[in-house]
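Printed here is data_7.txt (compact mmCIF, C-alpha atoms and all ligand atoms):
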# COMPACT_ATOMS: atom_id res chain seq x y z
CA MET A 1 -14.86 -12.33 9.08
CA GLU A 2 -12.41 -13.82 11.52
CA LEU A 3 -15.20 -13.96 14.08
CA LEU A 4 -17.44 -15.92 11.74
CA LEU A 5 -14.97 -18.29 10.10
CA PRO A 6 -12.70 -20.67 11.96
CA ARG A 7 -9.03 -19.73 11.49
CA ARG A 8 -6.71 -22.01 9.62
CA CYS A 9 -2.94 -22.13 9.88
CA ALA A 10 -1.48 -19.89 7.17
CA GLY A 11 1.37 -22.35 6.74
CA CYS A 12 -0.31 -25.76 6.48
CA GLY A 13 -4.06 -25.16 6.63
CA ALA A 14 -4.62 -27.01 9.91
CA PRO A 15 -7.65 -25.61 11.75
CA GLY A 16 -7.02 -23.49 14.84
CA GLU A 17 -4.44 -20.73 15.09
CA VAL A 18 -3.03 -18.24 12.58
CA LEU A 19 0.08 -20.41 12.57
CA CYS A 20 0.30 -23.79 14.22
CA ALA A 21 3.16 -24.76 16.53
CA ARG A 22 4.81 -26.92 13.87
CA CYS A 23 4.84 -24.13 11.28
CA ARG A 24 6.05 -21.57 13.85
CA THR A 25 8.98 -23.85 14.62
CA GLU A 26 9.79 -24.30 10.94
CA LEU A 27 9.63 -20.55 10.31
CA ALA A 28 11.61 -19.43 13.38
CA ALA A 29 15.00 -19.57 11.64
CA PRO A 30 17.67 -16.87 11.89
CA PRO A 31 18.61 -14.97 8.71
CA HIS A 32 21.40 -16.41 6.59
CA ARG A 33 23.32 -15.06 3.60
CA VAL A 34 22.18 -16.12 0.14
CA SER A 35 23.71 -15.44 -3.28
CA PRO A 36 21.07 -14.64 -5.89
CA ARG A 37 22.09 -14.88 -9.55
CA VAL A 38 21.81 -11.09 -9.94
CA GLU A 39 23.96 -9.71 -7.12
CA PRO A 40 22.57 -6.42 -5.80
CA GLY A 41 25.99 -5.37 -4.50
CA VAL A 42 24.90 -5.58 -0.86
CA PRO A 43 24.45 -8.62 1.37
CA VAL A 44 21.21 -10.53 0.87
CA TRP A 45 19.77 -12.46 3.82
CA ALA A 46 16.88 -14.90 3.70
CA LEU A 47 14.94 -16.50 6.53
CA GLY A 48 14.67 -19.87 4.83
CA PRO A 49 13.90 -21.74 1.63
CA TYR A 50 10.75 -21.16 -0.40
CA SER A 51 9.15 -24.21 1.19
CA GLU A 52 5.48 -25.15 0.99
CA THR A 53 4.96 -23.54 4.41
CA ARG A 54 6.67 -20.26 3.46
CA ARG A 55 4.88 -20.18 0.12
CA SER A 56 1.52 -20.59 1.90
CA VAL A 57 2.33 -17.84 4.40
CA ILE A 58 3.32 -15.47 1.58
CA LEU A 59 0.09 -16.24 -0.27
CA ALA A 60 -1.93 -15.69 2.93
CA MET A 61 -0.14 -12.34 3.42
CA LYS A 62 -1.31 -11.29 -0.03
CA GLU A 63 -4.94 -12.12 0.59
CA ARG A 64 -6.85 -8.92 0.69
CA GLY A 65 -6.63 -7.39 4.11
CA ASP A 66 -5.13 -10.36 5.96
CA ARG A 67 -3.59 -8.16 8.65
CA THR A 68 -3.12 -11.03 11.08
CA VAL A 69 -0.61 -12.85 8.91
CA ARG A 70 1.09 -9.58 7.94
CA ARG A 71 1.51 -8.68 11.62
CA TRP A 72 2.97 -12.10 12.30
CA VAL A 73 5.44 -11.78 9.41
CA GLY A 74 6.28 -8.32 10.80
CA ALA A 75 7.24 -9.87 14.13
CA VAL A 76 9.43 -12.42 12.32
CA LEU A 77 11.13 -9.65 10.32
CA ALA A 78 11.69 -7.61 13.49
CA ALA A 79 13.39 -10.60 15.12
CA ALA A 80 15.53 -11.08 12.00
CA VAL A 81 16.67 -7.45 12.00
CA ALA A 82 17.45 -7.67 15.72
CA THR A 83 19.58 -10.75 15.00
CA LEU A 84 21.42 -8.96 12.19
CA THR A 85 22.04 -5.97 14.48
CA ALA A 86 23.31 -8.25 17.24
CA ARG A 87 25.70 -9.87 14.76
CA GLY A 88 26.94 -6.45 13.65
CA GLU A 89 25.71 -6.99 10.10
CA VAL A 90 23.16 -4.18 10.36
CA GLY A 91 23.44 -1.03 12.48
CA GLU A 92 21.04 0.09 15.19
CA HIS A 93 17.66 1.48 14.05
CA PRO A 94 17.76 0.79 10.32
CA VAL A 95 14.99 2.08 8.07
CA LEU A 96 13.11 -0.67 6.23
CA VAL A 97 12.36 -0.12 2.56
CA PRO A 98 9.83 -2.55 1.07
CA ALA A 99 10.77 -3.87 -2.38
CA PRO A 100 8.97 -2.07 -5.20
CA THR A 101 5.41 -3.08 -5.76
CA ALA A 102 3.00 -2.52 -8.60
CA ALA A 103 0.58 0.13 -7.35
CA ARG A 104 -2.39 -1.58 -8.98
CA SER A 105 -1.84 -5.02 -7.44
CA ALA A 106 -1.26 -3.39 -4.03
CA ARG A 107 -4.65 -1.70 -4.32
CA LEU A 108 -6.29 -5.02 -5.15
CA ARG A 109 -4.73 -6.61 -2.09
CA GLY A 110 -5.86 -3.90 0.30
CA GLY A 111 -2.38 -2.38 0.60
CA ASP A 112 1.08 -3.73 -0.19
CA PRO A 113 1.54 -6.80 2.05
CA VAL A 114 5.32 -6.41 2.33
CA ALA A 115 4.98 -2.74 3.34
CA ASP A 116 2.33 -3.73 5.90
CA ALA A 117 4.63 -6.40 7.33
CA CYS A 118 7.49 -3.86 7.50
CA ARG A 119 5.30 -1.39 9.38
CA ALA A 120 4.29 -4.17 11.76
CA THR A 121 7.94 -4.55 12.83
CA GLY A 122 7.75 -1.25 14.69
CA LEU A 123 10.86 -0.09 12.81
CA PRO A 124 10.72 3.04 10.64
CA THR A 125 9.50 2.07 7.20
CA ALA A 126 9.76 4.09 4.00
CA ALA A 127 7.67 2.67 1.16
CA VAL A 128 9.29 4.84 -1.52
CA LEU A 129 9.77 2.33 -4.37
CA VAL A 130 7.32 1.47 -7.13
CA HIS A 131 7.78 -0.43 -10.38
CA ALA A 132 8.44 1.61 -13.49
CA ARG A 133 6.90 0.69 -16.82
CA GLY A 134 8.45 0.01 -20.19
CA VAL A 135 11.86 -1.26 -19.17
CA ARG A 136 14.12 -3.12 -21.60
CA ASP A 137 15.82 -6.42 -20.92
CA SER A 138 19.33 -6.28 -19.42
CA VAL A 139 20.69 -9.07 -21.62
CA GLY A 140 23.86 -8.09 -23.49
CA LEU A 141 24.41 -4.82 -21.62
CA SER A 142 27.73 -3.82 -20.07
CA PRO A 143 27.80 -3.86 -16.25
CA ALA A 144 27.43 -0.06 -16.10
CA ALA A 145 24.59 -0.01 -18.61
CA ARG A 146 22.98 -2.94 -16.84
CA ARG A 147 23.10 -1.07 -13.55
CA ALA A 148 21.53 2.02 -15.11
CA ASN A 149 18.89 -0.15 -16.79
CA LEU A 150 18.16 -1.94 -13.52
CA ALA A 151 17.77 1.37 -11.70
CA GLY A 152 15.30 2.35 -14.43
CA ARG A 153 13.04 -0.54 -13.45
CA VAL A 154 11.98 1.19 -10.28
CA ARG A 155 10.78 4.65 -9.52
CA LEU A 156 11.17 6.70 -6.35
CA ARG A 157 7.95 8.27 -5.14
CA GLY A 158 9.37 10.15 -2.22
CA PRO A 159 12.60 11.45 -0.73
CA VAL A 160 15.35 8.92 -0.03
CA PRO A 161 15.36 8.15 3.70
CA ALA A 162 18.42 9.12 5.72
CA GLY A 163 20.38 6.54 7.69
CA GLU A 164 20.98 2.90 7.04
CA LEU A 165 18.44 1.16 4.83
CA VAL A 166 17.46 -2.49 4.66
CA LEU A 167 15.45 -3.58 1.64
CA VAL A 168 12.73 -6.10 2.41
CA ASP A 169 10.94 -8.52 0.10
CA ASP A 170 8.74 -11.56 0.56
CA VAL A 171 10.73 -13.88 -1.70
CA VAL A 172 14.04 -13.45 -3.51
CA THR A 173 14.35 -15.41 -6.75
CA THR A 174 16.86 -14.12 -9.33
CA GLY A 175 17.70 -11.06 -7.21
CA ALA A 176 16.88 -8.74 -10.13
CA THR A 177 14.21 -6.81 -8.23
CA LEU A 178 16.43 -6.28 -5.20
CA ALA A 179 19.33 -5.29 -7.46
CA ALA A 180 17.13 -2.76 -9.23
CA ALA A 181 15.88 -1.33 -5.95
CA CYS A 182 19.38 -1.15 -4.53
CA ALA A 183 20.74 0.53 -7.67
CA LYS A 184 17.95 3.12 -7.64
CA LEU A 185 18.44 3.98 -3.96
CA THR A 186 22.24 4.06 -4.22
CA VAL A 187 22.16 6.33 -7.29
CA ALA A 188 19.87 8.64 -5.27
CA GLY A 189 22.48 8.82 -2.50
CA ALA A 190 21.03 6.32 -0.03
CA HIS A 191 23.06 3.98 2.16
CA VAL A 192 21.70 0.46 1.58
CA ARG A 193 23.14 -1.92 4.13
CA GLY A 194 21.54 -5.08 2.78
CA ALA A 195 18.38 -6.85 1.72
CA LEU A 196 16.23 -9.23 3.73
CA ALA A 197 13.77 -11.73 2.27
CA PHE A 198 11.25 -13.93 4.05
CA ALA A 199 12.17 -16.77 1.67
CA ALA A 200 14.76 -17.60 -0.98
CA ALA A 201 13.62 -19.59 -4.00
ZN ZN B 301 0.75 -25.09 10.25

As a first step, turn the structure in this file into structure tokens.
Ligand SMILES: [Zn+2]
Amino acid sequence: MELLLPRRCAGCGAPGEVLCARCRTELAAPPHRVSPRVEPGVPVWALGPYSETRRSVILAMKERGDRTVRRWVGAVLAAAVATLTARGEVGEHPVLVPAPTAARSARLRGGDPVADACRATGLPTAAVLVHARGVRDSVGLSPAARRANLAGRVRLRGPVPAGELVLVDDVVTTGATLAAACAKLTVAGAHVRGALAFAAA
């Protein structure tokens, strides 16, 4: 299809490249710490605000089979991890764990876009988290019960990877998903060093 249709910038829609020079400049920001409302208990880094450009790139990533944008986001994530390693905030050779996805929506999109972007970084990637069904609301629970409830929101579908893990998501909003993922992995004995999001809402 790319041969037949002219490409448009995934960030702003301008005809031409996958991402125009202006959008590349806007998106080339180093990771910074953010504080979501639900703290996952590990540092959370984001690459920028959930701007119109980032929102468009995330939507383009989710379009069925848009490997080009996913590869590009992979390169951005790889640069972000390299920056975190250089700063000493993440160790050498971390394993990336994509945030849990709903299996059905991933199938509709031709594979989980976040997992695809993680694989495109060239770093080891372990897509071991999926959403669990039938989870109750955390409101009114004690911190311990809340943590257990959060961990119940996600399911492990494979062995917990060894080494240092970095959770990856496209956008962090309340932080509840990352907190759930982190709780699940930690309970299973994993070492989660932090979480990295392409955008923070
Ligand atoms: Zn653009």

State, in Å with one decimal place, the distance from CA of Ala148 in chain A to CA of Ala183 in chain A.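 So the answer is 7.6 Å.
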
Neighbouring residues of ligand ZN 301 (chain B) are defined here as those with any atom at most 6 Å from a ligand atom, counting all atoms listed in the file; list them as a PyMOL selection string. chain A and resi 9+11-12+14+19-20+22-23

Within-8 Å shell of (9.3, -13.6, -3.1) in input frame, all atoms listed in the file, as an mmCIF file with C-alpha atoms, keeping the file's coordinate frame:
data_model
loop_
_atom_site.group_PDB
_atom_site.id
_atom_site.type_symbol
_atom_site.label_atom_id
_atom_site.label_comp_id
_atom_site.auth_asym_id
_atom_site.auth_seq_id
_atom_site.Cartn_x
_atom_site.Cartn_y
_atom_site.Cartn_z
ATOM 1 C CA ILE A 58 3.320 -15.470 1.580
ATOM 2 C CA ASP A 169 10.940 -8.520 0.100
ATOM 3 C CA ASP A 170 8.740 -11.560 0.560
ATOM 4 C CA VAL A 171 10.730 -13.880 -1.700
ATOM 5 C CA VAL A 172 14.040 -13.450 -3.510
ATOM 6 C CA THR A 173 14.350 -15.410 -6.750
ATOM 7 C CA ALA A 197 13.770 -11.730 2.270
ATOM 8 C CA PHE A 198 11.250 -13.930 4.050
ATOM 9 C CA ALA A 199 12.170 -16.770 1.670
ATOM 10 C CA ALA A 200 14.760 -17.600 -0.980
ATOM 11 C CA ALA A 201 13.620 -19.590 -4.000
#

Find, counting all atoms listed in the file, the residue in A:Pro15, A:Gly122, A:Pro113, A:Gly194 that gets nearest to Ala181 in chain A. A:Gly194

Between CA of Val69 in chain A and CA of Val90 in chain A, measure the distance and give it in Å to one decimal.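 Computing it gives 25.3 Å between the two atoms.
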
At a cut-off of 8 Å, using only C-alpha atoms, what residues contact range 28-37 of chain A? Leave out same-chain residues fewer than 2 positions from it and give the result as a list in words. Arg24, Thr25, Glu26, Glu39, Pro43, Val44, Trp45, Ala46, Leu47, Gly48, Val76, Ala80, Thr83, Leu84, Val172, Thr173, Thr174, Gly175, Leu196 and Ala200 of chain A

Compile the contact shell of Pro94 in chain A as a PyMOL selection string: residues with an atom at most 7 Å away, counting all atoms listed in the file, same-chain residues fewer than 3 positions apart removed. chain A and resi 91+163-166

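Distance-wise, CA of Ser51 in chain A and CA of Leu77 in chain A end up 17.3 Å apart.
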
Identify which of the residues A:Ala162, A:Ala120, A:Leu96, A:Val128 lies closest to Lys184 in chain A, counting only C-alpha atoms when measuring atom-to-atom distances.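 Of the candidates, the smallest distance to Lys184 in chain A is held by A:Val128.
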
For each of A:Thr177, A:Thr68, A:Thr101, A:Thr85, take the minimum atom-to-atom distance to Arg193 in chain A, counting only C-alpha atoms, then give the residue where this is smallest.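 When distances to Arg193 in chain A are compared using only C-alpha atoms, the smallest one comes from A:Thr85.
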
Taking all atoms listed in the file into account, name the residue in A:Thr53, A:Leu27, A:Gly41, A:Arg87 that is nearest to Ala176 in chain A.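 Of all the options, A:Gly41 lies closest to Ala176 in chain A.
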
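The smallest atom-to-atom distance between Val168 in chain A and any of A:Val130, A:Leu59, A:Ala151, A:Ala195, using only C-alpha atoms, is found for A:Ala195.
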